[in-house]
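This report refers to the structure that appears directly beneath it.
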Amino acid sequence: MKNKEKVSEPLFHIVKRGNLPTTKSWLIRIVSIVAALIVCGIVTVLVTGENPFEVYGTMISGAVGTERKIWSTAQNTAILLCISLAVTPAFKMKFWNIGAEGQVLMGALASATCMIFLGDKIPNWALILVMVVASIIAGAIWGFIPAFFKANWNTNETLFTLMMNYIAIQIVSYFVFEWSVPAGSGHIGIINPTSNAGWFPTIFGQKYFCNVAIVIVLTVIMYIYLKYSKHGYELSVVGGSENTAKYIGINVKKVVIRTMILSGALCGIAGLLMVAGTDHTVTRDTAGGRGFTAIMVSWLAKFNPIYMILTALLIVFLQKGAGEISMIFGLNESFADILTGIIIFFIIGSEFFINYKLKFREKTKEVKD
Amino acid sequence: MKRFLAILLAVVLVAGLFAACSGKTGGEKKEALKVGFIFLHDENSTYDKNFLEAAKAACEELGAEPVFKTNIDESSACYDAAADLVDQGCVAVFADSFGHEDFMIQAAKEFPDVQFCHATGTKAHTEGLANYHNAFASIYEGRYLAGVAAGMKLNELKEAGKLKGDVPKMGYVGAFTYAEVISGYTSFYLGAKSVCPDVVMDVQFTGSWYDETAEKEAAQTLINRNVDLISQHADSMGAPTACETAGIPNVSYNGSTAVACPNTFIVSSRINWAPYMKYMIECTRDGKAIDADWTGTLATESVLLTEVNEQAAAKDTQAKIDEVKKEIEAGTVKVFDTAKDNYITVDGKKVESYKADVDSDADYTPDTEVIKDGQFMESSFRSAPYFDLKIDGISLLNTKF
């Protein structure tokens, strides 16, 4: 009993929760978002003196204010979602593929190359087919290389894929300079501006329709692949424990390489969508950091492709809103990024409180003893 | 499904909360002319800051209402931004970066009633659109004047016996082997040569318009090659700070770097975009046609020189600059004078005929005779520079970019 007084219990400790009732987990999420908005509001008033409600309203109108903005938001969501789908199988397998940026760029470069050299030589349908194949192969190769080294020599895939990004950026820079118009300017510009060879067609008057439709189909396929296919099961077993996988007779090497080829191929498709469906050119900024943002999208959705639609939308929504704020209020874009950061911080934070709870020290105990 | 619904609810909630508050979706109901501006970066980049300030000044003077879109990539984001500016009621849209051009043309085709103006582009004269226009300035005149200041500094060093080598040698940090850069360093060199006839110059390229490290390294390479003075055509502080550290005189670009480099900064040339923006707004307001190619000059005050830093410059530099400026304006001094002896030579010979690639195409086909009346007619067949002769006295150290 003497010892009892000496034991100092911390003010609180963290306990893993069991399954939280649905209503309660919702409540936590709602509270966290309200809290995020309140904090954003306080920051807005303190830093800029603007009315926070007006700032929020502007964010909304920036993302979905006009039909054009809705389509722009949809198209950006589609691309981000496509890359998120691509990194998901690798992450589920605990293969830290942070090379999506480079894989997308290689796919984009492959598509652009086909458009430049085959633009006036073969019919458009054949050209698009060749572009699809080329971009998938290019992305897949960029995914295969680090996987091959990982599978055979257990190299560190995080560093490897990261370095592959820089190689891809330099390769793109090289060709963009080589093919630049006018000479030496370092810009290719829109490819085939008059013939539109290799461009995705405009459907229902919408040039982004194809991109959105393709990504919706890919999302469903990826959902089925991960949830119901043998491949999907194998890669989650490998992610859970490599030894278990080996024990039950899964060829880990094969799964790692196969999954990374899939991951790279999907990134290649994202590059194709950027070139054929959106920009019609390639620059070293074509991926634009989305290869990294996609990781967050994938994690936030806990690797579920259907949830990813929402997390990708959330990120794009915040980005679009941020751009609008900087335009309407004349604020630096960094301010809008601060708000985005706060909101995402709270959303991620809410997951903590859904999985864990804080247990505070009970004061009454000692008194009774 | 639970999680999906949860996220959906969260999104709806955010949206609902936002929607409940009335949004501010544009300016007040003034009758002012609305003009849209698209910038590659924001005011943190010296390049874009130069445009931003010009736009603010021009709009304020004419009572127009500017709408700014900053951090717009050279991708379909530029088209989306332009289209959105049109949706907001802008009657003219301006974009500031070379890579925006194709996306501006795309928008111009879609919205024939709106004027689209693009700085540094090359395609307005070949696209033939009534509402798409290019603009630049005869910055080669400004660089020539800055070159005069450099030449005077070299003469001063020579007289004091402080040259690093036998002949005065300058260094130049360039971005790409692009005509705009070539035109720039050549005019700078010619300005120096006009007062210091035996000067030579080394050019080192970085392969980027903005890369502080690469520009610093390029400047260091030149310093190691014993240059007596450095100038640059790239947008970071890399070269000026390398010069300040090494104590090498520097002729700057885009604006004064005197605060960061008090001991080495001599003078800087820059383009003032306000005159063009005023022209663009006035034409749009009055329903007049805007020139497909507009080239600002010393006379329109589109080409400016900063104040001379007395601490680093040679004596009477300012007076000499003023004198040469008058001569350029009067036409007695021509920057690209191909008739003058010992001035512009390629392989030891004067240039009497040259076809430049004025109409940009993927094969770089030379299409226009640009030498007329004993001078290279820079910026007269289109506003963006096309001078790309490699003249004697200038050595390119690397041409991989």
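If you're wondering about the labels, chains in the structure tokens are A, B, ... by order shown, residues count from 1 in each chain, ligands from 1 in order shown.
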
For this session: Using only C-alpha atoms, determine which residues of chain A fall within 8 Å of chain B; present them as a PyMOL selection string.
Result: chain A and resi 22+26+29-30+33+53-61+68-69+72+177+179-187+189-190+278-279+281+286+306-307+310-311+314+323+326-328+330+332-333

With N, CA and C atoms retained, write the just-selected residues as a compact mmCIF listing (two decimals), in the first residue's frame.
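Here's the written file out-v6.txt:
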```txt
# COMPACT_ATOMS: atom_id res chain seq x y z
N THR A 22 -22.26 3.00 -35.36
CA THR A 22 -22.24 3.86 -36.54
C THR A 22 -22.57 5.31 -36.19
N TRP A 26 -20.17 8.63 -36.75
CA TRP A 26 -20.63 9.76 -37.56
C TRP A 26 -20.54 11.04 -36.76
N ARG A 29 -17.13 12.38 -36.71
CA ARG A 29 -16.73 13.00 -37.97
C ARG A 29 -17.38 14.38 -38.14
N ILE A 30 -18.66 14.45 -37.80
CA ILE A 30 -19.36 15.73 -37.95
C ILE A 30 -18.74 16.78 -37.03
N ILE A 33 -15.48 18.06 -38.39
CA ILE A 33 -15.59 18.99 -39.53
C ILE A 33 -16.07 20.35 -39.05
N PHE A 53 -17.61 33.38 -43.47
CA PHE A 53 -18.72 32.77 -44.21
C PHE A 53 -18.61 33.10 -45.69
N GLU A 54 -18.19 34.33 -45.96
CA GLU A 54 -18.01 34.70 -47.36
C GLU A 54 -16.90 33.87 -47.98
N VAL A 55 -15.84 33.62 -47.20
CA VAL A 55 -14.73 32.82 -47.72
C VAL A 55 -15.21 31.41 -48.06
N TYR A 56 -16.01 30.81 -47.15
CA TYR A 56 -16.51 29.46 -47.41
C TYR A 56 -17.41 29.46 -48.64
N GLY A 57 -18.28 30.44 -48.71
CA GLY A 57 -19.19 30.52 -49.85
C GLY A 57 -18.43 30.61 -51.16
N THR A 58 -17.34 31.38 -51.12
CA THR A 58 -16.52 31.54 -52.32
C THR A 58 -15.88 30.21 -52.72
N MET A 59 -15.48 29.44 -51.70
CA MET A 59 -14.89 28.12 -52.01
C MET A 59 -15.88 27.27 -52.77
N ILE A 60 -17.12 27.25 -52.30
CA ILE A 60 -18.17 26.46 -52.96
C ILE A 60 -18.32 26.90 -54.40
N SER A 61 -18.47 28.22 -54.58
CA SER A 61 -18.74 28.67 -55.94
C SER A 61 -17.52 28.44 -56.82
N ARG A 68 -19.26 24.98 -66.16
CA ARG A 68 -17.88 24.78 -66.56
C ARG A 68 -17.02 24.36 -65.38
N LYS A 69 -17.28 25.00 -64.23
CA LYS A 69 -16.48 24.66 -63.05
C LYS A 69 -16.79 23.25 -62.58
N SER A 72 -14.87 21.00 -64.79
CA SER A 72 -13.45 21.11 -64.49
C SER A 72 -13.12 20.35 -63.20
N PHE A 177 12.40 19.54 -74.75
CA PHE A 177 13.33 20.50 -75.35
C PHE A 177 13.64 20.12 -76.79
N TRP A 179 11.85 18.56 -78.95
CA TRP A 179 10.72 18.74 -79.88
C TRP A 179 10.07 20.10 -79.72
N SER A 180 10.73 21.04 -79.07
CA SER A 180 10.04 22.28 -78.75
C SER A 180 9.79 23.13 -79.99
N VAL A 181 8.69 23.87 -79.95
CA VAL A 181 8.29 24.80 -81.00
C VAL A 181 7.97 26.13 -80.35
N PRO A 182 8.58 27.25 -80.76
CA PRO A 182 9.71 27.36 -81.67
C PRO A 182 11.01 26.79 -81.08
N ALA A 183 12.02 26.69 -81.93
CA ALA A 183 13.26 26.06 -81.54
C ALA A 183 13.80 26.62 -80.22
N GLY A 184 14.18 25.73 -79.33
CA GLY A 184 14.87 26.15 -78.12
C GLY A 184 13.98 26.68 -77.02
N SER A 185 12.66 26.78 -77.26
CA SER A 185 11.81 27.44 -76.26
C SER A 185 11.48 26.54 -75.07
N GLY A 186 11.69 25.23 -75.22
CA GLY A 186 11.39 24.33 -74.10
C GLY A 186 9.90 24.07 -73.93
N HIS A 187 9.11 24.27 -75.00
CA HIS A 187 7.68 23.99 -74.95
C HIS A 187 7.25 23.29 -76.22
N GLY A 189 3.92 22.71 -76.84
CA GLY A 189 2.64 23.33 -77.21
C GLY A 189 1.62 22.26 -77.55
N ILE A 190 0.41 22.69 -77.84
CA ILE A 190 -0.66 21.73 -78.15
C ILE A 190 -0.28 20.94 -79.41
N THR A 278 -7.09 15.89 -71.94
CA THR A 278 -7.11 17.18 -71.27
C THR A 278 -6.15 18.19 -71.90
N ASP A 279 -4.85 17.97 -71.74
CA ASP A 279 -3.88 19.01 -72.11
C ASP A 279 -3.48 19.00 -73.59
N THR A 281 -0.81 18.07 -74.69
CA THR A 281 0.62 18.34 -74.76
C THR A 281 1.25 17.65 -73.55
N THR A 286 3.27 17.89 -66.11
CA THR A 286 2.00 17.25 -66.44
C THR A 286 1.39 16.51 -65.26
N ILE A 306 -14.26 2.86 -53.91
CA ILE A 306 -15.52 3.62 -53.94
C ILE A 306 -15.40 4.86 -53.03
N TYR A 307 -14.80 4.68 -51.84
CA TYR A 307 -14.63 5.84 -50.96
C TYR A 307 -13.69 6.87 -51.60
N LEU A 310 -14.93 9.95 -53.17
CA LEU A 310 -15.22 11.07 -52.28
C LEU A 310 -13.96 11.78 -51.79
N THR A 311 -12.95 10.99 -51.43
CA THR A 311 -11.75 11.66 -50.91
C THR A 311 -11.06 12.45 -52.02
N LEU A 314 -13.05 15.53 -52.46
CA LEU A 314 -12.80 16.48 -51.36
C LEU A 314 -11.53 17.29 -51.62
N GLY A 323 -8.25 28.21 -55.07
CA GLY A 323 -7.92 29.09 -56.19
C GLY A 323 -8.89 30.26 -56.26
N SER A 326 -8.23 32.94 -53.62
CA SER A 326 -7.12 33.84 -53.90
C SER A 326 -7.51 34.83 -54.98
N MET A 327 -8.41 34.44 -55.88
CA MET A 327 -8.82 35.36 -56.94
C MET A 327 -9.77 36.43 -56.41
N ILE A 328 -10.81 35.99 -55.69
CA ILE A 328 -11.85 36.95 -55.28
C ILE A 328 -11.34 37.88 -54.18
N GLY A 330 -8.18 38.43 -53.37
CA GLY A 330 -6.83 38.96 -53.57
C GLY A 330 -5.85 38.44 -52.54
N ASN A 332 -3.13 35.63 -51.14
CA ASN A 332 -2.15 34.71 -51.70
C ASN A 332 -2.70 33.29 -51.61
N GLU A 333 -2.38 32.48 -52.62
CA GLU A 333 -2.89 31.12 -52.65
C GLU A 333 -2.45 30.31 -51.42
```

Problem set entry | Residue contacts of Thr284 in chain B (9 Å, only C-alpha atoms) excluding same-chain residues fewer than 3 positions away, as a PyMOL selection string | chain B and resi 91-92+114-115+279-281+287-290

Export of the given selection (C-alpha atoms) as an mmCIF file, in the first residue's frame:
```cif
data_model
loop_
_atom_site.group_PDB
_atom_site.id
_atom_site.type_symbol
_atom_site.label_atom_id
_atom_site.label_comp_id
_atom_site.auth_asym_id
_atom_site.auth_seq_id
_atom_site.Cartn_x
_atom_site.Cartn_y
_atom_site.Cartn_z
ATOM 1 C CA VAL B 91 -14.096 41.507 -72.081
ATOM 2 C CA ALA B 92 -10.355 41.021 -72.407
ATOM 3 C CA VAL B 114 -13.582 38.472 -76.112
ATOM 4 C CA GLN B 115 -10.073 39.816 -76.737
ATOM 5 C CA TYR B 279 -3.437 49.913 -74.954
ATOM 6 C CA MET B 280 -5.247 46.588 -74.737
ATOM 7 C CA ILE B 281 -7.898 47.927 -72.342
ATOM 8 C CA GLY B 287 -14.118 48.796 -79.857
ATOM 9 C CA LYS B 288 -10.894 49.317 -81.809
ATOM 10 C CA ALA B 289 -8.862 46.453 -83.234
ATOM 11 C CA ILE B 290 -5.786 45.418 -81.247
#
```

For this session: Could you check which of B:Ala313, B:Ala260, B:Val308, B:Met237 is closest to Leu154 in chain B, using only C-alpha atoms?
Result: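 Among the listed residues, B:Ala313 lies closest to Leu154 in chain B.
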
For this session: For Asn196 in chain A, work out the shell of residues within 12 Å, counting only C-alpha atoms and skipping chain neighbours fewer than 3 positions away, then give it as a list in words.
Result: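 In the requested format, the answer is Met115, Ile116, Gly119, Asp120, Pro123, Asn124, Trp125, Leu127, Ile128, Ile190, Ile191, Asn192, Pro193, Trp199, Phe200, Pro201, Thr202, Val275, Ala276, Gly277, Asp279, His280 and Thr281 of chain A.
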
For this session: Could you please write out, as number ranges by chain, every residue of range 78-272 of chain B that DSSP assigns to alpha helix (DSSP H)?
Result: B: 78-87, 101-110, 124-127, 139-159, 179-195, 212-224, 238-246

For this session: May I ask for the distance between CA of Met164 in chain A and CA of Ile83 in chain A, given in Å to one decimal place?
Result: 16.4 Å

For this session: For Leu331 in chain A, list every protein, DNA or RNA residue within 10 Å, evaluated using only C-alpha atoms, and leave out those in the same chain fewer than 6 positions away; present the list as a PyMOL selection string.
Result: chain A and resi 48+322-325

Those same residues, written as a PDB file, in the first residue's frame with N, CA and C atoms?
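Result went into part.pdb, see below:
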```pdb
ATOM      1  N   THR A  48      -6.719  37.656 -41.906  1.00  0.00           N
ATOM      2  CA  THR A  48      -7.075  38.513 -43.050  1.00  0.00           C
ATOM      3  C   THR A  48      -8.144  39.539 -42.742  1.00  0.00           C
ATOM      4  N   ALA A 322      -9.783  26.903 -53.125  1.00  0.00           N
ATOM      5  CA  ALA A 322      -8.624  27.697 -52.729  1.00  0.00           C
ATOM      6  C   ALA A 322      -8.239  28.686 -53.824  1.00  0.00           C
ATOM      7  N   GLY A 323      -8.252  28.213 -55.069  1.00  0.00           N
ATOM      8  CA  GLY A 323      -7.916  29.091 -56.185  1.00  0.00           C
ATOM      9  C   GLY A 323      -8.889  30.264 -56.262  1.00  0.00           C
ATOM     10  N   GLU A 324     -10.174  29.956 -56.030  1.00  0.00           N
ATOM     11  CA  GLU A 324     -11.200  30.991 -56.116  1.00  0.00           C
ATOM     12  C   GLU A 324     -11.010  32.040 -55.014  1.00  0.00           C
ATOM     13  N   ILE A 325     -10.644  31.566 -53.821  1.00  0.00           N
ATOM     14  CA  ILE A 325     -10.425  32.507 -52.720  1.00  0.00           C
ATOM     15  C   ILE A 325      -9.318  33.492 -53.069  1.00  0.00           C
TER      16      ILE A 325
END
```

For this session: Write out as a PyMOL selection string each polymer residue whose atoms come within 12 Å of Pro385 in chain B, counting only C-alpha atoms; drop sequence neighbours fewer than 4 positions from it.
Result: (chain A and resi 182+185) or (chain B and resi 119-122+134-141+178-187+293-295+356-360+370+376-381+389)

Would you put the residues from that selection into a file with C-alpha atoms, as a PDB file, in the first residue's frame?
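To be explicit, this is the file written out as part-v3.pdb:
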```pdb
ATOM      1  CA  PRO A 182       9.711  27.356 -81.670  1.00  0.00           C
ATOM      2  CA  SER A 185      11.809  27.440 -76.260  1.00  0.00           C
TER       3      SER A 185
ATOM      4  CA  ALA B 119       2.817  38.218 -73.760  1.00  0.00           C
ATOM      5  CA  THR B 120       5.918  36.661 -75.388  1.00  0.00           C
ATOM      6  CA  GLY B 121       3.948  34.403 -77.756  1.00  0.00           C
ATOM      7  CA  THR B 122       4.764  33.833 -81.412  1.00  0.00           C
ATOM      8  CA  ASN B 134       0.782  38.844 -79.074  1.00  0.00           C
ATOM      9  CA  ALA B 135       2.878  41.473 -77.377  1.00  0.00           C
ATOM     10  CA  PHE B 136       6.527  41.977 -76.514  1.00  0.00           C
ATOM     11  CA  ALA B 137       8.940  44.854 -76.157  1.00  0.00           C
ATOM     12  CA  SER B 138      12.173  45.829 -77.873  1.00  0.00           C
ATOM     13  CA  ILE B 139      14.034  44.747 -74.763  1.00  0.00           C
ATOM     14  CA  TYR B 140      17.131  44.321 -76.943  1.00  0.00           C
ATOM     15  CA  GLU B 141      17.403  48.108 -76.813  1.00  0.00           C
ATOM     16  CA  TYR B 178      15.942  30.207 -77.433  1.00  0.00           C
ATOM     17  CA  ALA B 179      15.796  33.232 -79.767  1.00  0.00           C
ATOM     18  CA  GLU B 180      14.592  35.490 -76.947  1.00  0.00           C
ATOM     19  CA  VAL B 181      17.712  34.672 -74.944  1.00  0.00           C
ATOM     20  CA  ILE B 182      20.059  34.814 -77.939  1.00  0.00           C
ATOM     21  CA  SER B 183      18.647  38.196 -78.966  1.00  0.00           C
ATOM     22  CA  GLY B 184      19.108  39.349 -75.377  1.00  0.00           C
ATOM     23  CA  TYR B 185      22.710  38.331 -74.836  1.00  0.00           C
ATOM     24  CA  THR B 186      23.756  39.442 -78.309  1.00  0.00           C
ATOM     25  CA  SER B 187      22.339  42.946 -77.838  1.00  0.00           C
ATOM     26  CA  ASP B 293       1.684  41.918 -82.773  1.00  0.00           C
ATOM     27  CA  TRP B 294       2.527  44.862 -80.575  1.00  0.00           C
ATOM     28  CA  THR B 295       6.092  45.755 -79.713  1.00  0.00           C
ATOM     29  CA  ALA B 356      14.752  33.538 -89.696  1.00  0.00           C
ATOM     30  CA  ASP B 357      12.060  31.147 -88.472  1.00  0.00           C
ATOM     31  CA  VAL B 358       9.427  33.817 -87.865  1.00  0.00           C
ATOM     32  CA  ASP B 359       6.401  31.572 -88.503  1.00  0.00           C
ATOM     33  CA  SER B 360       6.957  28.896 -85.871  1.00  0.00           C
ATOM     34  CA  VAL B 370      15.014  39.707 -91.886  1.00  0.00           C
ATOM     35  CA  PHE B 376      18.517  42.927 -88.683  1.00  0.00           C
ATOM     36  CA  MET B 377      14.840  43.830 -88.357  1.00  0.00           C
ATOM     37  CA  GLU B 378      14.238  42.418 -84.874  1.00  0.00           C
ATOM     38  CA  SER B 379      10.645  42.318 -83.610  1.00  0.00           C
ATOM     39  CA  SER B 380       9.145  43.799 -86.748  1.00  0.00           C
ATOM     40  CA  PHE B 381       7.711  40.691 -88.406  1.00  0.00           C
ATOM     41  CA  LEU B 389      22.579  34.377 -85.145  1.00  0.00           C
TER      42      LEU B 389
END
```

Exercise. How many Å lie between CA of Ile295 in chain A and CA of Asn97 in chain A, rounded to one decimal?
Worked result: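 These atoms are spaced 8.8 Å apart.
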
For this session: Determine, counting only C-alpha atoms, which protein, DNA and RNA residues have an atom within 6 Å of an atom of Ala192 in chain B; residues of the same chain fewer than 3 positions away are not included. Present the result as a count of residues only.
Result: 7
